[in-house]
$ cat target-v4.cif   # mmCIF, C-alpha atoms
data_structure
loop_
_atom_site.label_atom_id
_atom_site.label_comp_id
_atom_site.auth_asym_id
_atom_site.auth_seq_id
_atom_site.Cartn_x
_atom_site.Cartn_y
_atom_site.Cartn_z
CA MET T 1 0.00 0.00 0.00
CA LYS T 2 1.54 3.25 -1.12
CA PHE T 3 1.16 6.34 1.05
CA GLY T 4 1.64 9.94 -0.08
CA ILE T 5 2.47 12.76 2.34
CA ILE T 6 1.48 16.23 1.15
CA VAL T 7 4.15 18.83 1.96
CA PHE T 8 3.34 22.55 2.13
CA PRO T 9 5.73 25.35 2.96
CA GLY T 10 5.52 25.26 6.77
CA SER T 11 4.57 21.59 7.18
CA ASN T 12 6.65 20.17 10.04
CA CYS T 13 5.22 16.74 10.88
CA ASP T 14 5.81 15.35 7.39
CA ALA T 15 9.05 13.56 8.36
CA ASP T 16 7.41 12.03 11.46
CA CYS T 17 4.59 10.62 9.30
CA TYR T 18 7.13 9.36 6.75
CA HIS T 19 9.08 7.59 9.50
CA VAL T 20 6.00 5.83 10.87
CA ILE T 21 4.80 4.62 7.46
CA ASP T 22 8.29 3.57 6.40
CA GLN T 23 9.65 2.07 9.63
CA VAL T 24 6.64 1.08 11.77
CA LEU T 25 4.08 0.17 9.10
CA ALA T 26 6.81 -0.91 6.65
CA GLN T 27 4.95 0.37 3.60
CA PRO T 28 6.12 2.42 0.60
CA VAL T 29 5.78 6.17 1.12
CA GLU T 30 6.65 9.33 -0.81
CA TYR T 31 6.45 13.05 -0.21
CA ILE T 32 4.21 15.06 -2.55
CA TRP T 33 5.12 18.74 -2.94
CA HIS T 34 2.12 21.10 -2.80
CA LYS T 35 2.73 22.35 -6.34
CA SER T 36 2.34 18.86 -7.77
CA ASN T 37 -0.65 18.22 -10.02
CA SER T 38 -0.95 14.50 -9.49
CA VAL T 39 -1.61 11.94 -6.78
CA LYS T 40 -1.54 9.07 -9.27
CA GLY T 41 -0.37 5.74 -7.88
CA PHE T 42 -1.10 6.53 -4.23
CA ASP T 43 -3.52 4.48 -2.15
CA ALA T 44 -3.81 6.87 0.79
CA LEU T 45 -2.88 10.50 1.40
CA ILE T 46 -1.67 12.07 4.62
CA ILE T 47 -1.93 15.82 5.18
CA PRO T 48 0.53 16.34 8.04
CA GLY T 49 0.69 18.89 10.82
CA GLY T 50 2.61 22.12 10.85
CA PHE T 51 1.99 25.75 10.03
CA SER T 52 1.30 25.74 6.29
CA TYR T 53 1.85 29.22 4.86
CA GLY T 54 2.59 30.50 8.36
CA ASP T 55 -1.10 30.12 9.31
CA TYR T 56 -1.66 33.43 7.50
CA LEU T 57 -5.26 34.70 7.36
CA ARG T 58 -6.64 31.53 9.01
CA THR T 59 -5.07 28.14 9.67
CA GLY T 60 -5.27 26.08 6.47
CA ALA T 61 -6.92 28.88 4.48
CA ILE T 62 -4.08 29.43 1.99
CA ALA T 63 -3.01 25.78 1.71
CA ARG T 64 -6.54 24.97 0.63
CA PHE T 65 -5.89 26.73 -2.71
CA SER T 66 -2.61 24.93 -3.44
CA PRO T 67 -2.63 23.01 -6.75
CA ILE T 68 -2.36 19.71 -4.90
CA MET T 69 -5.55 20.29 -2.91
CA GLN T 70 -7.62 20.13 -6.09
CA GLU T 71 -6.13 16.66 -6.63
CA VAL T 72 -6.72 15.67 -3.01
CA THR T 73 -10.37 16.71 -3.33
CA GLU T 74 -10.84 14.63 -6.50
CA PHE T 75 -9.03 11.70 -4.87
CA ALA T 76 -11.40 11.89 -1.88
CA ASP T 77 -14.45 12.29 -4.12
CA LYS T 78 -13.52 9.00 -5.80
CA GLY T 79 -13.37 7.29 -2.42
CA GLY T 80 -9.60 7.57 -1.81
CA LEU T 81 -8.44 7.51 1.81
CA VAL T 82 -7.31 10.88 3.21
CA ILE T 83 -6.18 11.59 6.77
CA GLY T 84 -5.47 15.14 7.94
CA ILE T 85 -3.59 15.54 11.20
CA CYS T 86 -3.60 18.82 13.19
CA ASN T 87 -2.91 21.48 10.53
CA GLY T 88 -3.99 18.81 8.03
CA PHE T 89 -7.38 18.68 9.80
CA GLN T 90 -7.61 22.48 9.59
CA ILE T 91 -6.88 22.32 5.84
CA LEU T 92 -9.58 19.67 5.32
CA LEU T 93 -12.08 21.91 7.11
CA GLU T 94 -11.14 24.94 5.02
CA SER T 95 -11.40 22.79 1.88
CA GLY T 96 -14.91 21.74 2.78
CA LEU T 97 -13.95 18.05 2.77
CA LEU T 98 -15.06 17.98 6.41
CA PRO T 99 -17.77 20.12 8.05
CA GLY T 100 -17.08 22.89 10.60
CA ALA T 101 -14.20 25.23 11.35
CA MET T 102 -11.44 25.77 13.90
CA LEU T 103 -11.37 28.58 16.41
CA ARG T 104 -8.56 29.64 18.67
CA ASN T 105 -8.26 27.51 21.84
CA ASP T 106 -10.62 28.91 24.48
CA SER T 107 -7.65 29.27 26.85
CA LEU T 108 -5.87 31.36 24.16
CA GLN T 109 -2.84 29.19 24.94
CA PHE T 110 -0.94 26.83 22.68
CA ARG T 111 -1.66 23.40 24.18
CA CYS T 112 1.06 20.80 23.95
CA GLY T 113 1.04 17.44 25.74
CA PRO T 114 -0.57 14.01 25.94
CA VAL T 115 -4.37 13.79 26.19
CA ASN T 116 -6.85 10.99 26.75
CA LEU T 117 -9.13 10.25 23.82
CA LYS T 118 -12.20 8.13 23.47
CA VAL T 119 -12.61 6.16 20.27
CA ARG T 120 -16.22 7.08 19.56
CA THR T 121 -16.53 4.81 16.58
CA ASN T 122 -14.43 1.89 15.45
CA LYS T 123 -16.61 1.53 12.37
CA SER T 124 -14.23 3.25 9.99
CA VAL T 125 -11.18 2.37 7.96
CA PHE T 126 -9.13 4.59 10.29
CA THR T 127 -10.28 3.24 13.67
CA ARG T 128 -11.11 -0.42 13.12
CA CYS T 129 -8.07 -1.62 15.13
CA PHE T 130 -9.49 0.02 18.28
CA ASP T 131 -12.29 -1.16 20.55
CA GLN T 132 -15.49 0.87 20.54
CA ASN T 133 -15.23 3.55 23.30
CA GLU T 134 -11.64 2.53 24.09
CA VAL T 135 -9.64 5.21 25.91
CA ILE T 136 -6.29 5.90 24.26
CA LYS T 137 -3.55 8.46 24.73
CA LEU T 138 -2.08 10.68 22.01
CA PRO T 139 -0.21 13.99 22.10
CA ILE T 140 -1.72 17.28 20.95
CA ALA T 141 0.15 20.44 19.93
CA HIS T 142 -2.01 23.29 18.67
CA GLY T 143 -3.19 26.84 19.25
CA GLU T 144 -6.32 26.56 17.13
CA GLY T 145 -8.00 23.25 17.80
CA ASN T 146 -11.28 24.56 19.17
CA TYR T 147 -13.65 22.72 16.85
CA PHE T 148 -16.81 24.61 15.97
CA CYS T 149 -19.88 23.65 13.97
CA ASP T 150 -23.49 24.76 14.13
CA GLN T 151 -26.21 22.78 15.88
CA GLU T 152 -27.46 21.20 12.66
CA SER T 153 -23.98 19.99 11.66
CA LEU T 154 -23.42 18.54 15.14
CA ARG T 155 -26.73 16.71 14.92
CA GLU T 156 -25.65 15.21 11.58
CA LEU T 157 -22.21 14.22 12.91
CA LEU T 158 -23.95 12.34 15.72
CA GLU T 159 -26.69 10.86 13.55
CA PHE T 160 -24.25 9.46 10.99
CA ASP T 161 -21.67 8.31 13.56
CA GLN T 162 -19.01 10.66 12.17
CA ILE T 163 -17.29 11.56 15.45
CA ALA T 164 -14.11 9.47 15.53
CA PHE T 165 -12.38 10.76 18.67
CA THR T 166 -13.35 12.91 21.65
CA TYR T 167 -11.29 14.37 24.50
CA CYS T 168 -12.04 12.56 27.74
CA ASP T 169 -10.70 11.79 31.20
CA ARG T 170 -8.98 8.53 32.17
CA GLU T 171 -12.33 6.83 32.65
CA GLY T 172 -13.62 7.90 29.25
CA GLN T 173 -15.90 10.68 30.53
CA GLU T 174 -16.07 13.63 28.13
CA THR T 175 -15.82 16.29 30.83
CA PRO T 176 -15.16 20.04 30.38
CA ASP T 177 -11.90 19.59 32.33
CA SER T 178 -10.61 17.02 29.86
CA ASN T 179 -11.34 19.31 26.90
CA PRO T 180 -8.02 21.07 26.16
CA ASN T 181 -9.30 23.68 23.72
CA GLY T 182 -13.03 24.27 24.09
CA SER T 183 -14.05 22.04 21.18
CA ARG T 184 -17.76 21.56 20.69
CA ALA T 185 -18.90 18.25 22.23
CA ASN T 186 -15.21 17.55 23.11
CA ILE T 187 -14.61 16.69 19.44
CA ALA T 188 -11.01 15.75 18.60
CA GLY T 189 -11.52 14.04 15.24
CA ILE T 190 -14.29 13.58 12.69
CA LEU T 191 -15.07 11.56 9.56
CA ASN T 192 -16.88 12.69 6.44
CA ARG T 193 -20.23 11.13 5.66
CA ARG T 194 -18.65 8.64 3.26
CA ARG T 195 -16.09 7.69 5.95
CA ASN T 196 -13.05 7.87 3.67
CA VAL T 197 -11.74 11.17 5.07
CA LEU T 198 -10.59 11.63 8.69
CA GLY T 199 -9.44 14.84 10.35
CA MET T 200 -7.95 14.78 13.85
CA MET T 201 -6.11 17.29 16.03
CA PRO T 202 -4.06 14.75 18.08
CA HIS T 203 -0.90 13.33 16.50
CA PRO T 204 -1.00 9.54 15.99
CA GLU T 205 2.44 9.67 14.31
CA ARG T 206 4.02 10.99 17.52
CA ARG T 207 2.98 7.99 19.62
CA ALA T 208 3.45 5.02 17.33
CA GLU T 209 6.39 3.31 19.03
CA ASP T 210 7.14 2.27 22.61
CA LEU T 211 10.26 4.41 22.48
CA LEU T 212 7.93 7.42 22.21
CA GLY T 213 5.58 6.36 24.98
CA GLY T 214 3.22 3.92 23.32
CA GLN T 215 1.70 2.49 20.20
CA ASP T 216 -1.83 3.88 20.25
CA GLY T 217 -1.08 6.08 17.25
CA ALA T 218 0.29 3.19 15.21
CA ARG T 219 -3.13 1.57 15.28
CA VAL T 220 -4.63 4.42 13.22
CA PHE T 221 -2.19 3.60 10.42
CA ALA T 222 -2.56 -0.15 10.97
CA SER T 223 -6.33 0.27 10.55
CA ILE T 224 -5.79 1.98 7.18
CA LEU T 225 -3.47 -0.79 6.02
CA GLN T 226 -5.77 -3.57 7.18
CA SER T 227 -8.77 -1.99 5.44
CA PHE T 228 -6.80 -1.59 2.23
CA GLU T 229 -5.52 -5.17 2.25
CA GLU T 230 -9.01 -6.55 2.81
CA GLY T 231 -10.31 -4.40 -0.05
CA CYS T 232 -7.67 -5.90 -2.34
CA ARG T 233 -8.65 -9.46 -1.65
CA MET N 1 -8.09 52.58 -8.68
CA PHE N 2 -10.29 51.56 -5.80
CA LEU N 3 -9.50 50.81 -2.21
CA GLY N 4 -11.52 48.01 -0.67
CA LYS N 5 -11.78 47.79 3.10
CA VAL N 6 -12.88 44.46 4.53
CA PHE N 7 -13.93 43.97 8.15
CA VAL N 8 -14.06 40.33 9.23
CA THR N 9 -15.59 39.43 12.60
CA LEU N 10 -16.66 36.26 14.31
CA LYS N 11 -20.41 35.58 14.05
CA LYS N 12 -22.49 36.61 17.05
CA SER N 13 -23.22 32.95 17.74
CA VAL N 14 -19.49 32.14 18.01
CA LEU N 15 -17.70 32.73 21.30
CA ASP N 16 -14.66 35.00 21.03
CA PRO N 17 -12.20 34.06 23.79
CA GLN N 18 -9.77 36.73 22.60
CA GLY N 19 -12.40 39.48 22.84
CA ASP N 20 -13.39 38.21 26.26
CA THR N 21 -9.81 38.39 27.50
CA VAL N 22 -9.45 41.95 26.16
CA ARG N 23 -12.72 42.91 27.88
CA LYS N 24 -11.42 41.61 31.23
CA SER N 25 -8.17 43.47 30.70
CA LEU N 26 -10.06 46.72 30.03
CA HIS N 27 -12.01 46.16 33.24
CA THR N 28 -8.73 45.75 35.09
CA LEU N 29 -7.69 49.14 33.71
CA GLY N 30 -10.84 50.62 35.24
CA TYR N 31 -13.04 50.84 32.15
CA SER N 32 -16.01 49.32 33.90
CA MET N 33 -18.39 50.68 31.24
CA VAL N 34 -17.10 48.10 28.72
CA GLU N 35 -19.87 45.59 28.09
CA ASP N 36 -18.46 43.48 25.30
CA VAL N 37 -15.38 43.25 23.05
CA ARG N 38 -15.12 41.37 19.76
CA VAL N 39 -11.74 41.08 18.03
CA GLY N 40 -11.74 40.88 14.23
CA LYS N 41 -9.57 41.50 11.18
CA TYR N 42 -9.22 44.48 8.92
CA ILE N 43 -7.99 43.86 5.36
CA GLU N 44 -7.20 46.47 2.71
CA VAL N 45 -7.36 45.42 -0.94
CA ARG N 46 -6.36 47.74 -3.78
CA LEU N 47 -8.18 46.98 -7.05
CA ASN N 48 -7.83 48.28 -10.59
CA SER N 49 -11.44 47.46 -11.46
CA GLN N 50 -13.25 49.59 -14.05
CA THR N 51 -16.14 50.66 -11.88
CA ARG N 52 -16.99 50.79 -8.20
CA GLU N 53 -19.80 48.25 -8.71
CA GLU N 54 -17.37 45.83 -10.33
CA ALA N 55 -14.88 46.33 -7.49
CA GLU N 56 -17.60 45.69 -4.90
CA ARG N 57 -18.79 42.57 -6.68
CA GLU N 58 -15.31 41.13 -7.01
CA LEU N 59 -14.35 41.96 -3.46
CA ASP N 60 -17.52 40.31 -2.22
CA GLN N 61 -16.52 37.13 -4.09
CA MET N 62 -13.03 37.26 -2.59
CA CYS N 63 -14.55 37.47 0.89
CA ALA N 64 -16.82 34.52 0.29
CA ARG N 65 -14.05 32.37 -1.18
CA LEU N 66 -11.00 33.23 0.91
CA LEU N 67 -10.96 36.33 3.11
CA ALA N 68 -13.67 35.10 5.49
CA ASN N 69 -14.80 31.64 6.55
CA PRO N 70 -18.62 31.62 6.42
CA VAL N 71 -18.81 28.84 9.01
CA ILE N 72 -17.53 31.11 11.79
CA GLU N 73 -17.15 34.60 10.38
CA GLU N 74 -19.13 37.41 8.79
CA TYR N 75 -17.80 40.36 6.85
CA ARG N 76 -18.63 43.88 5.82
CA LEU N 77 -16.92 45.76 3.02
CA GLU N 78 -16.48 49.33 1.83
CA VAL N 79 -15.06 50.47 -1.51
CA GLU N 80 -13.74 53.96 -2.12
CA GLU N 81 -11.86 55.63 -4.95
CA ASP N 82 -8.15 55.69 -4.42
CA ASP N 83 -5.39 57.57 -6.21
CA GLY N 84 -2.83 54.92 -5.27
CA GLN N 85 -0.82 57.15 -2.91
#
$ encode --input "target-v4.cif" --output "structure tokens"
Amino acid sequence: MKFGIIVFPGSNCDADCYHVIDQVLAQPVEYIWHKSNSVKGFDALIIPGGFSYGDYLRTGAIARFSPIMQEVTEFADKGGLVIGICNGFQILLESGLLPGAMLRNDSLQFRCGPVNLKVRTNKSVFTRCFDQNEVIKLPIAHGEGNYFCDQESLRELLEFDQIAFTYCDREGQETPDSNPNGSRANIAGILNRRRNVLGMMPHPERRAEDLLGGQDGARVFASILQSFEEGCR
Amino acid sequence: MFLGKVFVTLKKSVLDPQGDTVRKSLHTLGYSMVEDVRVGKYIEVRLNSQTREEAERELDQMCARLLANPVIEEYRLEVEEDDGQ
């Protein structure tokens, strides 16, 4: 399974994602520069974290109009697997591939550290290697991760089981105290209706090996691989 | 030449933690009359459109497509003639 990692000026988690796909998942992986006009030959695309275009105007707002994002949108429209992490999530929101928008953290502080997450649905190609409602730990690092959507969008996210991860305490309770940024309904990651696009603020690539504290993050990528291999059979 | 002025603010229904923090700070300075503060963006765009109407129409498109995010923000624009100085 061949992975592509989209690189914008200001991306800074691209090498971490590359390492995990190459060394942990042991799959072929290539960088794709944002000026490229093709995603041909790739089976899944990763939009990594960072500060694309210096977060000018709004996070992800400029990256959205990069030549490559047109290709990413077509790839997703055809059912291709796309995962956006942190800034990648923000770009997917700005692109309209996922509903909602990001606001500045309610604390106004950049939040950096491990958080507990609840796997709200394991019925997706990105979360199938987790148990339903399992509590996992992944690091976050963002200043604008305060997920916002209107009441109608939230109702749809719930109705169609599109909430992938929520911030929670150790017991899996989605309390205000365990919400690091003020996100609506403690949302940390969401799927599109078709379930082939995932956006998440926490960084699975930063906790994919025991050396870095655990392997919870590796299971996101393992889920993608497993889904792909089953689809090929 | 025309000068477009774009004011982007968060929608009323969206909480503005930055504005809230500024409001508290103003209270600390003794400005107890301050009821509410909303922080937004101000963008100047110089256009060589043929007419003011054209400039307004194009600027409105730019706001809808890039300058503002309709999910969380609203905008207001003004266009005036500008000699480029």
$ closest_residue --input "target-v4.cif" --among "T:Thr127, T:Thr59, T:Asn105, T:Asn146" --to "T:Pro204" --atoms "all atoms listed in the file"
T:Thr127
$ interface_residues --input "target-v4.cif" --of "chain T" --to "chain N" --cutoff "10 Å" --atoms "all atoms listed in the file" --output "PDB file with C-alpha atoms, in the frame of the given file"
ATOM      1  CA  LEU T  57      -5.260  34.700   7.360  1.00  0.00           C
ATOM      2  CA  ARG T  58      -6.640  31.530   9.010  1.00  0.00           C
ATOM      3  CA  ALA T  61      -6.920  28.880   4.480  1.00  0.00           C
ATOM      4  CA  ILE T  62      -4.080  29.430   1.990  1.00  0.00           C
ATOM      5  CA  ARG T  64      -6.540  24.970   0.630  1.00  0.00           C
ATOM      6  CA  PHE T  65      -5.890  26.730  -2.710  1.00  0.00           C
ATOM      7  CA  LEU T  93     -12.080  21.910   7.110  1.00  0.00           C
ATOM      8  CA  GLU T  94     -11.140  24.940   5.020  1.00  0.00           C
ATOM      9  CA  PRO T  99     -17.770  20.120   8.050  1.00  0.00           C
ATOM     10  CA  GLY T 100     -17.080  22.890  10.600  1.00  0.00           C
ATOM     11  CA  ALA T 101     -14.200  25.230  11.350  1.00  0.00           C
ATOM     12  CA  MET T 102     -11.440  25.770  13.900  1.00  0.00           C
ATOM     13  CA  LEU T 103     -11.370  28.580  16.410  1.00  0.00           C
ATOM     14  CA  ARG T 104      -8.560  29.640  18.670  1.00  0.00           C
ATOM     15  CA  ASN T 105      -8.260  27.510  21.840  1.00  0.00           C
ATOM     16  CA  ASP T 106     -10.620  28.910  24.480  1.00  0.00           C
ATOM     17  CA  SER T 107      -7.650  29.270  26.850  1.00  0.00           C
ATOM     18  CA  LEU T 108      -5.870  31.360  24.160  1.00  0.00           C
ATOM     19  CA  PHE T 148     -16.810  24.610  15.970  1.00  0.00           C
ATOM     20  CA  CYS T 149     -19.880  23.650  13.970  1.00  0.00           C
ATOM     21  CA  ASP T 150     -23.490  24.760  14.130  1.00  0.00           C
ATOM     22  CA  GLY T 182     -13.030  24.270  24.090  1.00  0.00           C
TER      23      GLY T 182
END
$ atom_distance --input "target-v4.cif" --atom1 "atom CA of T:Lys78" --atom2 "atom CA of T:Asn37"
16.4 Å
$ closest_residue --input "target-v4.cif" --among "T:Ala188, T:Leu211, T:Ile5, T:Ile68" --to "T:Asp43" --atoms "all atoms listed in the file"
T:Ile5
$ atom_distance --input "target-v4.cif" --atom1 "atom CA of T:Gly60" --atom2 "atom CA of N:Asp36"
28.8 Å
$ residues_around --input "target-v4.cif" --residues "T:Ala208" --least-positions-apart "2" --cutoff "9 Å" --atoms "all atoms listed in the file" --output "list in words"
Val20, Val24, Pro204, Glu205, Arg206, Asp210, Leu211, Leu212, Gly213, Gly214, Gln215, Asp216, Gly217, Ala218 and Arg219 of chain T
$ atom_distance --input "target-v4.cif" --atom1 "atom CA of N:Glu80" --atom2 "atom CA of N:Thr9"
20.8 Å
$ residues_around --input "target-v4.cif" --residues "N:Val8" --least-positions-apart "3" --cutoff "6 Å" --atoms "all atoms listed in the file" --output "PyMOL selection string"
chain N and resi 40-41+74-75
$ residues_around --input "target-v4.cif" --residues "stretch 134-144 of chain T" --least-positions-apart "6" --cutoff "6 Å" --atoms "all atoms listed in the file" --output "list of chain:residue names"
T:Leu103, T:Arg104, T:Asn105, T:Phe110, T:Arg111, T:Cys112, T:Gly113, T:Pro114, T:Val115, T:Asn116, T:Leu117, T:Lys118, T:Val119, T:Gly172, T:Pro202, T:His203
$ closest_residue --input "target-v4.cif" --among "T:Ser66, T:Gly10, T:Arg120, T:Leu81" --to "T:Ser95" --atoms "only C-alpha atoms"
T:Ser66
$ closest_residue --input "target-v4.cif" --among "T:Phe130, T:Tyr18, T:Phe42, T:Tyr56" --to "T:Met1" --atoms "all atoms listed in the file"
T:Phe42
$ decode --input "target-v4.cif" --residues "stretch 132-153 of chain T" --atoms "N, CA, C and O atoms" --output "tab-separated table (two decimals), in the first residue's frame"
chain	number	residue	atom	x	y	z
T	132	GLN	N	-14.51	-0.21	20.42
T	132	GLN	CA	-15.49	0.87	20.54
T	132	GLN	C	-15.39	1.47	21.94
T	132	GLN	O	-15.32	0.74	22.94
T	133	ASN	N	-15.31	2.80	22.03
T	133	ASN	CA	-15.23	3.55	23.30
T	133	ASN	C	-13.93	3.31	24.08
T	133	ASN	O	-13.84	3.66	25.26
T	134	GLU	N	-12.95	2.73	23.44
T	134	GLU	CA	-11.64	2.53	24.09
T	134	GLU	C	-11.02	3.89	24.41
T	134	GLU	O	-11.15	4.85	23.64
T	135	VAL	N	-10.35	3.97	25.55
T	135	VAL	CA	-9.64	5.21	25.91
T	135	VAL	C	-8.17	5.04	25.53
T	135	VAL	O	-7.52	4.08	25.96
T	136	ILE	N	-7.69	5.95	24.70
T	136	ILE	CA	-6.29	5.90	24.26
T	136	ILE	C	-5.60	7.21	24.60
T	136	ILE	O	-6.24	8.17	25.04
T	137	LYS	N	-4.29	7.23	24.42
T	137	LYS	CA	-3.55	8.46	24.73
T	137	LYS	C	-2.71	8.86	23.52
T	137	LYS	O	-1.97	8.05	22.97
T	138	LEU	N	-2.88	10.13	23.11
T	138	LEU	CA	-2.08	10.68	22.01
T	138	LEU	C	-1.68	12.12	22.37
T	138	LEU	O	-2.39	12.78	23.13
T	139	PRO	N	-0.58	12.60	21.81
T	139	PRO	CA	-0.21	13.99	22.10
T	139	PRO	C	-0.95	14.99	21.21
T	139	PRO	O	-1.26	14.69	20.05
T	140	ILE	N	-1.22	16.17	21.76
T	140	ILE	CA	-1.72	17.28	20.95
T	140	ILE	C	-0.68	18.39	20.96
T	140	ILE	O	0.18	18.43	21.85
T	141	ALA	N	-0.73	19.27	19.99
T	141	ALA	CA	0.15	20.44	19.93
T	141	ALA	C	-0.49	21.44	18.99
T	141	ALA	O	-0.27	21.41	17.78
T	142	HIS	N	-1.33	22.32	19.54
T	142	HIS	CA	-2.01	23.29	18.67
T	142	HIS	C	-2.50	24.52	19.44
T	142	HIS	O	-2.75	24.46	20.63
T	143	GLY	N	-2.64	25.60	18.70
T	143	GLY	CA	-3.19	26.84	19.25
T	143	GLY	C	-4.61	27.07	18.78
T	143	GLY	O	-5.38	27.82	19.38
T	144	GLU	N	-4.96	26.41	17.67
T	144	GLU	CA	-6.32	26.56	17.13
T	144	GLU	C	-6.93	25.20	16.86
T	144	GLU	O	-6.93	24.71	15.74
T	145	GLY	N	-7.41	24.59	17.93
T	145	GLY	CA	-8.00	23.25	17.80
T	145	GLY	C	-9.39	23.21	18.39
T	145	GLY	O	-9.94	22.15	18.67
T	146	ASN	N	-9.96	24.40	18.57
T	146	ASN	CA	-11.28	24.56	19.17
T	146	ASN	C	-12.34	24.34	18.09
T	146	ASN	O	-12.74	25.28	17.40
T	147	TYR	N	-12.75	23.08	17.94
T	147	TYR	CA	-13.65	22.72	16.85
T	147	TYR	C	-15.02	23.36	17.02
T	147	TYR	O	-15.62	23.28	18.09
T	148	PHE	N	-15.49	23.98	15.94
T	148	PHE	CA	-16.81	24.61	15.97
T	148	PHE	C	-17.65	24.14	14.79
T	148	PHE	O	-17.16	24.02	13.67
T	149	CYS	N	-18.91	23.85	15.06
T	149	CYS	CA	-19.88	23.65	13.97
T	149	CYS	C	-21.23	24.05	14.52
T	149	CYS	O	-21.41	24.13	15.74
T	150	ASP	N	-22.17	24.35	13.63
T	150	ASP	CA	-23.49	24.76	14.13
T	150	ASP	C	-24.27	23.53	14.62
T	150	ASP	O	-23.85	22.39	14.44
T	151	GLN	N	-25.41	23.82	15.24
T	151	GLN	CA	-26.21	22.78	15.88
T	151	GLN	C	-26.62	21.69	14.88
T	151	GLN	O	-26.57	20.50	15.18
T	152	GLU	N	-27.00	22.13	13.69
T	152	GLU	CA	-27.46	21.20	12.66
T	152	GLU	C	-26.33	20.25	12.24
T	152	GLU	O	-26.51	19.04	12.10
T	153	SER	N	-25.13	20.82	12.04
T	153	SER	CA	-23.98	19.99	11.66
T	153	SER	C	-23.64	18.98	12.76
T	153	SER	O	-23.32	17.83	12.49
